[in-house]
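What's in run-v2.cif: mmCIF, C-alpha atoms and all ligand atoms
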```
data_data
#
loop_
_atom_site.label_atom_id
_atom_site.label_comp_id
_atom_site.auth_asym_id
_atom_site.auth_seq_id
_atom_site.Cartn_x
_atom_site.Cartn_y
_atom_site.Cartn_z
CA ALA T 180 10.54 -11.01 20.54
CA PRO T 181 8.08 -10.00 17.81
CA ILE T 182 6.23 -6.69 17.76
CA ARG T 183 2.68 -7.25 18.99
CA ILE T 184 -0.11 -4.76 18.67
CA THR T 185 -2.69 -5.42 21.35
CA LEU T 186 -5.77 -3.69 22.66
CA ASP T 187 -3.45 -2.09 25.20
CA THR T 188 -1.32 -0.70 22.40
CA LEU T 189 -4.41 0.99 21.02
CA LYS T 190 -5.41 2.28 24.45
CA THR T 191 -1.99 3.70 25.32
CA CYS T 192 -1.70 5.39 21.92
CA THR T 193 -0.11 8.79 22.21
CA GLN T 194 0.94 11.69 19.99
CA GLY T 195 2.82 10.61 16.89
CA LEU T 196 5.72 12.31 15.18
CA VAL T 197 5.90 12.41 11.41
CA ALA T 198 9.54 11.70 10.62
CA GLN T 199 9.53 13.57 7.33
CA THR T 200 8.28 16.82 8.81
CA ASN T 201 9.11 16.51 12.50
CA ILE T 202 5.54 17.59 13.21
CA THR T 203 3.56 15.92 15.98
CA THR T 204 0.25 14.43 15.08
CA SER T 205 -2.79 13.01 16.88
CA CYS T 206 -4.39 10.04 15.24
CA CYS T 207 -5.31 7.59 17.98
CA PRO T 208 -8.51 5.60 17.56
CA ALA T 209 -9.88 6.61 20.97
CA PRO T 210 -11.94 8.41 22.07
CA ASP T 211 -13.92 8.41 18.82
CA ILE T 212 -13.81 4.63 18.64
CA ASN T 213 -14.85 2.52 21.58
CA LEU T 214 -12.00 0.24 22.63
CA ASP T 215 -13.89 -1.79 25.19
CA VAL T 216 -14.46 -4.52 22.68
CA PRO T 217 -13.26 -8.06 22.10
CA VAL T 218 -10.43 -8.82 19.68
CA VAL T 219 -11.17 -11.68 17.32
CA ASP T 220 -8.44 -13.69 15.61
CA PHE T 221 -8.48 -13.60 11.85
CA ILE T 222 -6.92 -16.50 10.02
CA PRO T 223 -7.48 -15.99 6.30
CA LYS T 224 -7.42 -19.62 5.31
CA ARG T 225 -10.04 -20.43 7.92
CA ASP T 226 -12.07 -17.25 8.06
CA ARG T 227 -12.38 -15.95 4.58
CA ILE T 228 -15.94 -15.67 3.43
CA ASN T 229 -15.79 -14.29 -0.06
CA GLY T 230 -15.10 -16.26 -3.20
CA HIS T 231 -11.93 -15.82 -5.19
CA ARG T 232 -11.49 -12.35 -6.65
CA VAL T 233 -9.21 -11.10 -9.41
CA ARG T 234 -7.75 -7.65 -8.96
CA LYS T 235 -7.33 -6.17 -12.42
CA ALA T 236 -5.00 -3.60 -13.94
CA LEU T 237 -6.85 -0.27 -14.06
CA GLN T 238 -5.40 0.76 -17.43
CA CYS T 239 -6.95 -2.23 -19.16
CA LEU T 240 -10.53 -1.66 -18.05
CA SER T 241 -12.76 -0.37 -20.82
CA GLY T 242 -16.35 -0.06 -21.97
CA GLU T 243 -19.06 -1.31 -19.71
CA GLU T 244 -16.66 -2.92 -17.28
CA LEU T 245 -14.94 0.40 -16.72
CA GLU T 246 -18.26 2.16 -16.28
CA THR T 247 -19.54 -0.31 -13.72
CA TYR T 248 -16.28 -0.32 -11.81
CA THR T 249 -16.14 3.49 -11.72
CA GLN T 250 -19.70 3.66 -10.47
CA LYS T 251 -19.11 1.16 -7.72
CA LEU T 252 -15.83 2.62 -6.61
CA THR T 253 -17.15 6.16 -6.38
CA LYS T 254 -20.29 5.01 -4.62
CA ALA T 255 -18.20 3.18 -2.04
CA TYR T 256 -16.12 6.29 -1.34
CA ASP T 257 -19.25 8.45 -1.18
CA ILE T 258 -20.42 6.21 1.63
CA MET T 259 -17.04 5.86 3.31
CA ARG T 260 -16.50 9.63 3.38
CA ALA T 261 -19.91 10.14 4.99
CA LEU T 262 -19.50 7.62 7.84
CA PRO T 263 -19.20 9.16 11.32
CA ALA T 264 -15.84 9.45 13.10
CA GLY T 265 -16.84 6.73 15.55
CA ASP T 266 -17.00 4.20 12.71
CA PRO T 267 -13.59 2.61 12.09
CA ARG T 268 -14.57 2.08 8.46
CA SER T 269 -14.88 5.82 7.83
CA LEU T 270 -12.25 7.39 5.59
CA LEU T 271 -11.20 9.49 8.58
CA GLN T 272 -10.45 6.40 10.65
CA GLN T 273 -8.84 4.64 7.71
CA GLN T 274 -6.53 7.63 7.58
CA ARG T 275 -5.89 7.59 11.31
CA ILE T 276 -4.98 3.94 11.56
CA HIS T 277 -2.19 4.30 8.99
CA CYS T 278 -1.15 7.49 10.75
CA ALA T 279 -0.97 5.78 14.15
CA TYR T 280 0.94 2.77 12.82
CA GLY T 281 3.24 5.03 10.81
CA SER T 282 4.03 7.92 13.11
CA GLY T 283 5.18 6.25 16.30
CA ALA T 284 1.87 6.86 18.10
CA PHE T 285 1.81 3.22 19.25
CA ILE T 286 4.15 2.32 22.07
CA GLN T 287 5.78 -1.11 22.35
CA ASP T 288 4.08 -2.79 25.29
CA ASP T 289 5.61 -1.60 28.54
CA LEU T 290 8.53 0.24 26.96
CA SER T 291 8.66 3.99 26.79
CA ALA T 292 7.70 6.44 24.08
CA ALA T 293 10.26 8.83 25.48
CA ASP T 294 13.00 6.36 24.62
CA ASN T 295 11.51 5.98 21.19
CA TYR T 296 10.26 2.43 21.74
CA THR T 297 7.40 3.09 19.44
CA ILE T 298 6.16 1.24 16.40
CA ASP T 299 6.56 2.04 12.76
CA VAL T 300 5.39 0.03 9.79
CA HIS T 301 7.68 1.83 7.38
CA SER T 302 11.38 1.47 6.68
CA ASN T 303 11.60 -2.03 8.08
CA TRP T 304 10.34 -5.58 7.50
CA LEU T 305 6.83 -4.74 8.76
CA PHE T 306 6.16 -2.69 5.64
CA LEU T 307 5.04 -5.35 3.16
CA PRO T 308 2.78 -7.44 5.44
CA TRP T 309 1.19 -4.47 7.20
CA HIS T 310 0.26 -2.73 3.97
CA ARG T 311 -1.04 -5.95 2.43
CA MET T 312 -3.46 -6.28 5.31
CA PHE T 313 -4.45 -2.63 5.35
CA VAL T 314 -5.50 -2.89 1.71
CA TYR T 315 -7.13 -6.26 2.38
CA PHE T 316 -9.44 -4.93 5.09
CA HIS T 317 -10.02 -1.72 3.16
CA GLU T 318 -11.21 -3.84 0.25
CA ARG T 319 -13.53 -5.84 2.52
CA ILE T 320 -14.95 -2.57 3.84
CA LEU T 321 -15.60 -1.34 0.29
CA GLN T 322 -17.35 -4.64 -0.45
CA LYS T 323 -19.50 -4.30 2.60
CA LEU T 324 -20.42 -0.68 1.93
CA LEU T 325 -21.44 -1.73 -1.57
CA ASP T 326 -23.09 -4.87 -0.33
CA ASP T 327 -21.14 -6.68 -3.04
CA PRO T 328 -18.81 -9.44 -1.83
CA THR T 329 -17.46 -9.92 -5.36
CA PHE T 330 -16.06 -6.40 -5.58
CA ALA T 331 -12.26 -6.40 -6.05
CA LEU T 332 -10.00 -3.41 -5.65
CA HIS T 333 -8.03 -3.09 -8.89
CA PHE T 334 -4.40 -2.05 -9.04
CA TRP T 335 -2.44 0.86 -10.46
CA ASN T 336 0.18 -0.84 -12.59
CA PHE T 337 2.62 2.09 -12.24
CA ASP T 338 5.67 -0.08 -12.98
CA ASN T 339 4.47 -0.98 -16.44
CA SER T 340 6.13 1.35 -18.92
CA LEU T 341 5.61 -0.79 -21.88
CA ASP T 342 6.80 1.74 -24.42
CA GLY T 343 7.01 -0.13 -27.65
CA THR T 344 10.65 -1.09 -27.43
CA LYS T 345 9.91 -4.60 -26.24
CA SER T 346 6.25 -4.81 -26.84
CA ASN T 347 5.92 -4.22 -30.55
CA GLY T 348 3.51 -6.73 -31.84
CA VAL T 349 2.60 -8.03 -28.42
CA GLU T 350 -0.29 -5.74 -27.69
CA GLY T 351 -3.58 -7.49 -27.73
CA LYS T 352 -2.07 -10.93 -27.94
CA GLY T 353 -2.05 -13.59 -25.33
CA GLU T 354 -3.67 -13.41 -21.98
CA GLY T 355 -3.74 -10.47 -19.62
CA CYS T 356 -3.24 -6.75 -19.88
CA PHE T 357 -0.90 -5.30 -22.50
CA LYS T 358 -1.04 -1.57 -21.98
CA PRO T 359 1.29 0.81 -20.20
CA GLY T 360 0.12 1.64 -16.69
CA HIS T 361 2.52 4.44 -15.79
CA PHE T 362 -0.04 7.24 -16.11
CA PHE T 363 -2.06 8.49 -13.16
CA PRO T 364 -5.28 6.40 -13.30
CA ASP T 365 -8.21 8.34 -14.77
CA ILE T 366 -10.71 6.88 -12.33
CA TYR T 367 -9.02 8.81 -9.53
CA ASN T 368 -8.81 12.01 -11.54
CA ASN T 369 -12.40 13.07 -11.98
CA ASN T 370 -12.85 16.09 -9.75
CA SER T 371 -16.58 15.59 -9.45
CA THR T 372 -16.29 12.20 -7.75
CA SER T 373 -15.30 10.96 -4.33
CA THR T 374 -12.13 9.20 -5.51
CA PHE T 375 -10.61 12.57 -6.38
CA GLU T 376 -8.32 14.45 -4.02
CA PRO T 377 -7.76 18.13 -4.80
CA VAL T 378 -4.43 18.65 -3.05
CA ARG T 379 -2.36 16.28 -5.17
CA SER T 380 0.49 17.67 -7.17
CA PRO T 381 -0.78 19.29 -10.40
CA ARG T 382 1.52 16.83 -12.20
CA THR T 383 -1.12 14.17 -11.77
CA LEU T 384 -3.55 16.24 -13.83
CA ILE T 385 -1.40 16.78 -16.91
CA PRO T 386 -2.51 14.38 -19.63
CA ASN T 387 0.12 11.93 -20.80
CA ILE T 388 2.73 12.64 -18.18
CA THR T 389 4.13 9.57 -16.52
CA VAL T 390 4.90 8.68 -12.95
CA ASP T 391 8.54 9.09 -12.03
CA LEU T 392 9.87 6.12 -10.10
CA THR T 393 13.35 7.57 -9.87
CA ILE T 394 12.55 10.35 -7.37
CA VAL T 395 14.54 9.99 -4.18
CA ALA T 396 14.33 11.65 -0.78
CA GLY T 397 15.32 15.26 -0.52
CA VAL T 398 14.21 16.41 -3.96
CA PRO T 399 11.96 19.43 -3.34
CA GLN T 400 8.48 19.05 -4.82
CA ALA T 401 9.04 22.00 -7.13
CA ASN T 402 12.11 20.37 -8.66
CA ILE T 403 10.44 17.13 -9.63
CA PRO T 404 10.53 17.18 -13.42
CA VAL T 405 7.50 16.69 -15.62
CA ARG T 406 8.25 13.64 -17.71
CA PHE T 407 6.61 12.03 -20.69
CA ALA T 408 6.81 8.36 -21.52
CA ASN T 409 9.87 8.43 -23.79
CA ASP T 410 11.80 10.21 -21.17
CA SER T 411 10.70 8.37 -18.08
CA ALA T 412 10.46 4.80 -19.27
CA PRO T 413 14.17 3.87 -19.14
CA GLY T 414 14.61 5.37 -15.66
CA ASN T 415 11.45 3.70 -14.37
CA ARG T 416 12.48 0.37 -15.81
CA LYS T 417 15.87 0.62 -14.18
CA ALA T 418 14.29 1.56 -10.83
CA MET T 419 11.96 -1.43 -11.10
CA HIS T 420 14.71 -3.75 -12.19
CA ASP T 421 16.85 -2.70 -9.24
CA ALA T 422 13.97 -3.00 -6.77
CA MET T 423 13.08 -6.48 -7.97
CA GLN T 424 16.35 -8.01 -9.06
CA SER T 425 19.26 -6.49 -7.23
CA GLY T 426 18.85 -7.91 -3.72
CA THR T 427 20.96 -10.79 -2.55
CA ILE T 428 19.39 -11.57 0.83
CA PRO T 429 15.74 -11.32 2.02
CA ARG T 430 16.46 -8.19 4.02
CA ASP T 431 17.34 -6.30 0.80
CA PHE T 432 13.79 -6.79 -0.39
CA PHE T 433 11.83 -6.81 2.88
CA GLY T 434 13.73 -4.22 4.88
CA VAL T 435 15.66 -4.48 8.12
CA PRO T 436 14.35 -6.42 11.12
CA PHE T 437 12.30 -4.46 13.62
CA LYS T 438 11.68 -6.30 16.88
CA TYR T 439 10.39 -5.66 20.35
CA GLY T 440 12.97 -3.47 22.08
CA ASP T 441 14.28 -1.88 18.88
CA ALA T 442 14.08 1.88 18.88
CA ARG T 443 12.30 3.53 15.98
CA LEU T 444 14.89 4.97 13.67
CA PHE T 445 15.29 8.66 12.92
CA PRO T 446 15.82 9.56 10.20
CA LEU T 447 14.02 6.57 8.80
CA ALA T 448 16.39 4.08 7.26
CA GLY T 449 16.23 0.41 6.56
CA ALA T 450 13.53 0.19 3.92
CA GLY T 451 13.47 -2.78 1.59
CA SER T 452 14.06 -2.19 -2.12
CA LEU T 453 10.40 -2.13 -3.15
CA GLU T 454 9.50 0.34 -0.40
CA PHE T 455 12.46 2.60 -0.98
CA GLN T 456 11.86 2.87 -4.70
CA PRO T 457 9.39 2.69 -6.48
CA HIS T 458 7.05 3.06 -3.47
CA ASN T 459 8.51 6.16 -1.88
CA SER T 460 8.97 7.65 -5.35
CA TRP T 461 5.32 7.50 -6.38
CA HIS T 462 4.27 8.89 -3.00
CA ARG T 463 6.50 11.90 -3.67
CA TRP T 464 5.38 12.17 -7.28
CA ILE T 465 1.68 12.26 -6.36
CA GLY T 466 2.39 14.65 -3.52
CA GLY T 467 -0.47 16.12 -1.50
CA LEU T 468 -1.85 13.90 1.23
CA THR T 469 0.13 10.89 0.07
CA ARG T 470 3.46 12.44 1.03
CA PHE T 471 3.16 11.78 4.75
CA PRO T 472 2.09 8.72 6.75
CA SER T 473 -0.19 10.96 8.80
CA THR T 474 -2.47 11.65 5.82
CA ALA T 475 -1.59 9.21 3.02
CA THR T 476 -4.56 6.87 3.33
CA ALA T 477 -7.03 9.76 3.15
CA ASP T 478 -6.34 9.81 -0.59
CA PRO T 479 -8.14 6.87 -2.22
CA ILE T 480 -5.29 6.44 -4.75
CA PHE T 481 -3.29 4.93 -1.88
CA ASN T 482 -5.12 1.62 -2.23
CA PRO T 483 -4.68 0.71 -5.91
CA ALA T 484 -1.08 1.91 -5.66
CA HIS T 485 -0.47 -0.36 -2.67
CA ALA T 486 -2.34 -3.18 -4.36
CA ASN T 487 0.38 -2.99 -6.99
CA ILE T 488 3.14 -3.07 -4.36
CA GLU T 489 1.53 -6.23 -3.10
CA ARG T 490 1.28 -7.64 -6.58
CA LEU T 491 4.97 -6.96 -7.08
CA TRP T 492 5.76 -8.79 -3.84
CA ASP T 493 3.88 -11.74 -5.28
CA VAL T 494 5.68 -11.44 -8.65
CA TRP T 495 8.99 -11.35 -6.80
CA MET T 496 8.13 -14.51 -4.86
CA LYS T 497 7.44 -16.30 -8.11
CA MET T 498 10.60 -15.21 -9.87
CA GLY T 499 12.09 -18.56 -9.12
CA ASP T 500 15.41 -17.41 -7.80
CA ASN T 501 16.61 -18.88 -4.53
CA ARG T 502 17.51 -15.41 -3.31
CA LYS T 503 13.79 -14.79 -3.23
CA LEU T 504 13.22 -16.14 0.24
CA GLN T 505 11.00 -14.62 2.87
CA PRO T 506 12.35 -14.09 6.36
CA THR T 507 11.99 -17.22 8.48
CA ASP T 508 12.65 -15.48 11.78
CA PRO T 509 9.76 -16.07 14.24
CA ASP T 510 10.21 -12.44 15.26
CA TRP T 511 8.78 -11.60 11.85
CA LEU T 512 6.36 -14.50 11.40
CA ASP T 513 4.73 -13.99 14.80
CA VAL T 514 4.23 -10.25 14.54
CA GLU T 515 0.62 -9.34 15.34
CA PHE T 516 -1.38 -6.43 13.96
CA LEU T 517 -4.91 -5.27 14.67
CA PHE T 518 -7.31 -4.03 12.00
CA TRP T 519 -11.02 -3.30 12.01
CA ASP T 520 -12.92 -5.45 9.60
CA GLU T 521 -15.96 -4.63 7.47
CA ASN T 522 -18.27 -5.27 10.45
CA GLN T 523 -16.31 -2.92 12.74
CA VAL T 524 -14.89 -5.91 14.59
CA LEU T 525 -11.29 -5.63 15.73
CA ARG T 526 -9.30 -8.49 14.18
CA ARG T 527 -5.88 -9.84 15.11
CA ILE T 528 -3.68 -11.12 12.30
CA LYS T 529 -0.27 -12.74 12.38
CA ILE T 530 2.22 -12.30 9.56
CA ARG T 531 2.69 -16.06 9.18
CA ASP T 532 -0.97 -16.42 8.19
CA ILE T 533 -1.07 -13.78 5.47
CA LEU T 534 1.87 -14.76 3.29
CA SER T 535 -0.22 -16.40 0.59
CA ILE T 536 -2.64 -14.28 -1.40
CA SER T 537 -4.53 -17.34 -2.50
CA ASP T 538 -5.30 -18.02 1.16
CA LEU T 539 -6.55 -14.44 1.31
CA GLY T 540 -8.81 -15.14 -1.63
CA TYR T 541 -7.53 -13.10 -4.52
CA SER T 542 -5.04 -12.95 -7.34
CA PHE T 543 -3.88 -10.33 -9.80
CA GLU T 544 -4.56 -10.06 -13.47
CA LYS T 545 -1.51 -10.96 -15.49
CA VAL T 546 0.33 -7.94 -16.88
CA TYR T 547 3.35 -7.58 -19.05
CA ASP T 548 6.20 -7.17 -16.57
CA GLU T 549 8.96 -7.80 -19.02
CA SER T 550 9.64 -4.11 -19.57
CA TRP T 551 11.71 -4.09 -16.41
CA MET T 552 12.21 -7.80 -15.82
CA ASP T 553 15.16 -8.12 -18.19
CA PHE T 554 16.21 -4.50 -18.26
CA VAL T 555 19.87 -4.02 -19.09
CA ALA T 556 21.47 -0.72 -18.18
CU1 LIG W 601 2.34 3.34 4.65
CU2 LIG W 601 2.66 3.83 0.84
O1 LIG W 601 2.70 3.84 2.80
#
```
Show me this structure written as structure tokens.
Ligand code: C2O
Amino acid sequence: APIRITLDTLKTCTQGLVAQTNITTSCCPAPDINLDVPVVDFIPKRDRINGHRVRKALQCLSGEELETYTQKLTKAYDIMRALPAGDPRSLLQQQRIHCAYGSGAFIQDDLSAADNYTIDVHSNWLFLPWHRMFVYFHERILQKLLDDPTFALHFWNFDNSLDGTKSNGVEGKGEGCFKPGHFFPDIYNNNSTSTFEPVRSPRTLIPNITVDLTIVAGVPQANIPVRFANDSAPGNRKAMHDAMQSGTIPRDFFGVPFKYGDARLFPLAGAGSLEFQPHNSWHRWIGGLTRFPSTATADPIFNPAHANIERLWDVWMKMGDNRKLQPTDPDWLDVEFLFWDENQVLRRIKIRDILSISDLGYSFEKVYDESWMDFVA
């Protein structure tokens, strides 16, 4: 049977355990949030209220557009950081919900936490859909706080290491964004604004150093090398190529099945290729709060980075290869998650309803993916 998060799941929430650190954590919504509330189904195709939005590549914003976007984004996080703990839209509660879903704090229906029948949205096939919907509702909350239904959360195009080898002469031509995106986005690096997070690795502050998508588990933070574009681009392109092109069955890309009655795995294994690398790699590279599920969503960079993961899922679906099939198992399609929406209403979504981003009401600006698309080792 599919995993189903219900009001009961939220009410029976218990201490979580962060797999990476073996430290217990408390991040349940109650008692700060009142759980004696109705749950309202959310079916994007039927219920979406906002017009179509385009999420753009952060590295290609400039001039007035960049200024306006920066202003709005920082204003939204000013407000979100100041909301009280009882408001599920507060940054604190946005942190806790990812923590609860990602640390085993939620117990599978009537099964037992002691036997490890808890829920995890990492390292299995829940990863892509859950994170899509987290970012989706987060974006709706930002819109609401700004009172601007047209606001779109742009993406950090970390996979784009357009370094001149393929792109000579392309820049500025055609449609879309033609700039490398593998630097830490400036908008999140201004220490006087609310999108900044002081505990990130100092790597993110060094001008011109690039994200390293080759980092794997077990590399101590201190040993992660500082890399510049020339150095990092081939490794990043290979990591991207492998994540996007090497799978032969859906499970390679989506991760292993995780169903009702499956025990949560320790140590975590079973991630799909996009989650395993580049996703886990940039989490480690940024460091700080983003390293652990218990705190990751407290750093605003989480959202544009995950918007890009989402975009890559969409790119992958359109790659036109018949290996690129989504799971058809009802135990995936009928999974139910709960999220608070922009009006603090608890909404129930089903994976089968959120598989099309056009149903959800947005698309992504076109970027130059070719740097990894046809990478040859
Ligand atoms: Cu729930 Cu990038 O992680």
Check your understanding: Could you list, as a PyMOL selection string, all the residues within 9 Å of ligand LIG 601 (chain W), counting only C-alpha atoms and all ligand atoms?
Key -> chain T and resi 277-278+280-281+300-301+306+309-310+454+458-459+461-462+469-472+475-476+481-482+484-485+488
Review point. Rounded to one decimal in Å, what is the spacing between atom CA of T:Glu376 and atom CA of T:Gly466?
Key: 10.7 Å
Check your understanding: What is the atom CA of T:Thr474 to atom CA of T:Val216 distance in Å?
Key -> 26.3 Å
Practice item. For T:Asp441, list every protein, DNA or RNA residue within 12 Å, evaluated using all atoms listed in the file, and leave out those in the same chain fewer than 2 positions away; present the list as a VMD selection string. Key: chain T and resid 180 to 182 286 to 287 290 to 292 294 to 299 303 435 to 439 443 to 444 510
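For the point (-0.4, -4.5, 10.3), the residues with at least one atom inside 7 Å, counting all atoms listed in the file, are T:Pro308, T:Trp309, T:His310, T:Met312, T:Phe313, T:Phe516, T:Leu517.
Taking atom CA of T:Arg406 and atom CA of T:Met419 as the two end points, the separation is 16.9 Å.
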Study note, to complete from the structure: In terms of all atoms listed in the file, the residue from T:Arg225, T:His231, T:Met496, T:Arg275 at minimal distance from T:Cys207 is T:Arg275
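Distance check against T:Arg490 using all atoms listed in the file: of T:Asp215, T:Asp538, T:Glu515, T:Asp338, the minimum falls on T:Asp338.
Comparing T:Ser269, T:Ser452, T:Thr247, T:Thr185 by their smallest distance to T:Lys529, the closest is T:Thr185 (using all atoms listed in the file).
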So that I can see what lies close to T:Trp464, please list as an mmCIF file with C-alpha atoms, keeping the file's coordinate frame the residues with an atom at most 8 Å from it, counting only C-alpha atoms and leaving out residues fewer than 2 positions away in the same chain.
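Result file is part20.cif:
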```
data_model
loop_
_atom_site.group_PDB
_atom_site.id
_atom_site.type_symbol
_atom_site.label_atom_id
_atom_site.label_comp_id
_atom_site.auth_asym_id
_atom_site.auth_seq_id
_atom_site.Cartn_x
_atom_site.Cartn_y
_atom_site.Cartn_z
ATOM 1 C CA SER T 380 0.490 17.670 -7.170
ATOM 2 C CA ARG T 382 1.520 16.830 -12.200
ATOM 3 C CA VAL T 390 4.900 8.680 -12.950
ATOM 4 C CA ASP T 391 8.540 9.090 -12.030
ATOM 5 C CA ILE T 394 12.550 10.350 -7.370
ATOM 6 C CA GLN T 400 8.480 19.050 -4.820
ATOM 7 C CA ILE T 403 10.440 17.130 -9.630
ATOM 8 C CA SER T 460 8.970 7.650 -5.350
ATOM 9 C CA TRP T 461 5.320 7.500 -6.380
ATOM 10 C CA HIS T 462 4.270 8.890 -3.000
ATOM 11 C CA GLY T 466 2.390 14.650 -3.520
#
```
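For T:Gly414, the list of residues within 10 Å, based on only C-alpha atoms and with local chain neighbours fewer than 2 positions off taken out, reads Ser340, Asp391, Leu392, Thr393, Ile394, Asn409, Asp410, Ser411, Ala412, Arg416, Lys417, Ala418, Met419, His420, Trp551 and Ala556 of chain T.
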Practice item. Identify, on the basis of only C-alpha atoms, every residue whose closest approach to T:Asn339 does not exceed 9 Å; exclude the query and any residue fewer than 2 positions from it along the same chain; express the result as number ranges by chain. Key: T: 336-337, 341-342, 358-361, 412, 415-416, 546-551
C-alpha atoms of the current selection, written as a PDB file, in the coordinates of the input:
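Contents of selection_7.pdb, freshly written:
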```pdb
ATOM      1  CA  ASN T 336       0.180  -0.840 -12.590  1.00  0.00           C
ATOM      2  CA  PHE T 337       2.620   2.090 -12.240  1.00  0.00           C
ATOM      3  CA  LEU T 341       5.610  -0.790 -21.880  1.00  0.00           C
ATOM      4  CA  ASP T 342       6.800   1.740 -24.420  1.00  0.00           C
ATOM      5  CA  LYS T 358      -1.040  -1.570 -21.980  1.00  0.00           C
ATOM      6  CA  PRO T 359       1.290   0.810 -20.200  1.00  0.00           C
ATOM      7  CA  GLY T 360       0.120   1.640 -16.690  1.00  0.00           C
ATOM      8  CA  HIS T 361       2.520   4.440 -15.790  1.00  0.00           C
ATOM      9  CA  ALA T 412      10.460   4.800 -19.270  1.00  0.00           C
ATOM     10  CA  ASN T 415      11.450   3.700 -14.370  1.00  0.00           C
ATOM     11  CA  ARG T 416      12.480   0.370 -15.810  1.00  0.00           C
ATOM     12  CA  VAL T 546       0.330  -7.940 -16.880  1.00  0.00           C
ATOM     13  CA  TYR T 547       3.350  -7.580 -19.050  1.00  0.00           C
ATOM     14  CA  ASP T 548       6.200  -7.170 -16.570  1.00  0.00           C
ATOM     15  CA  GLU T 549       8.960  -7.800 -19.020  1.00  0.00           C
ATOM     16  CA  SER T 550       9.640  -4.110 -19.570  1.00  0.00           C
ATOM     17  CA  TRP T 551      11.710  -4.090 -16.410  1.00  0.00           C
TER      18      TRP T 551
END
```
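Of the listed residues T:Phe554, T:Trp519, T:Tyr541, T:Trp304, the one whose atoms come nearest to T:Gln272 is T:Trp519, with distances taken using only C-alpha atoms.
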Check your understanding: Which residues come within 6 Å of stretch 189-197 of chain T, counting all atoms listed in the file, excluding same-chain residues fewer than 4 positions away, as number ranges by chain?
Key -> T: 201-205, 207, 282-285
Serialized selection, C-alpha atoms, as a CSV table (one decimal), in the frame of the given file:
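So part22.csv came out as:
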```
chain,number,residue,atom,x,y,z
T,201,ASN,CA,9.1,16.5,12.5
T,202,ILE,CA,5.5,17.6,13.2
T,203,THR,CA,3.6,15.9,16.0
T,204,THR,CA,0.2,14.4,15.1
T,205,SER,CA,-2.8,13.0,16.9
T,207,CYS,CA,-5.3,7.6,18.0
T,282,SER,CA,4.0,7.9,13.1
T,283,GLY,CA,5.2,6.2,16.3
T,284,ALA,CA,1.9,6.9,18.1
T,285,PHE,CA,1.8,3.2,19.2
```
Check your understanding: For T:Leu237, which residue out of T:His333, T:Lys323, T:Arg260, T:Arg268 is the nearest one, using all atoms listed in the file?
Key -> T:His333
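Comparing the minimum interatomic distances between T:Phe221 and each of T:Phe316, T:Gly434, T:Pro483, T:Leu332, counting only C-alpha atoms, we find that T:Phe316 sits nearest.
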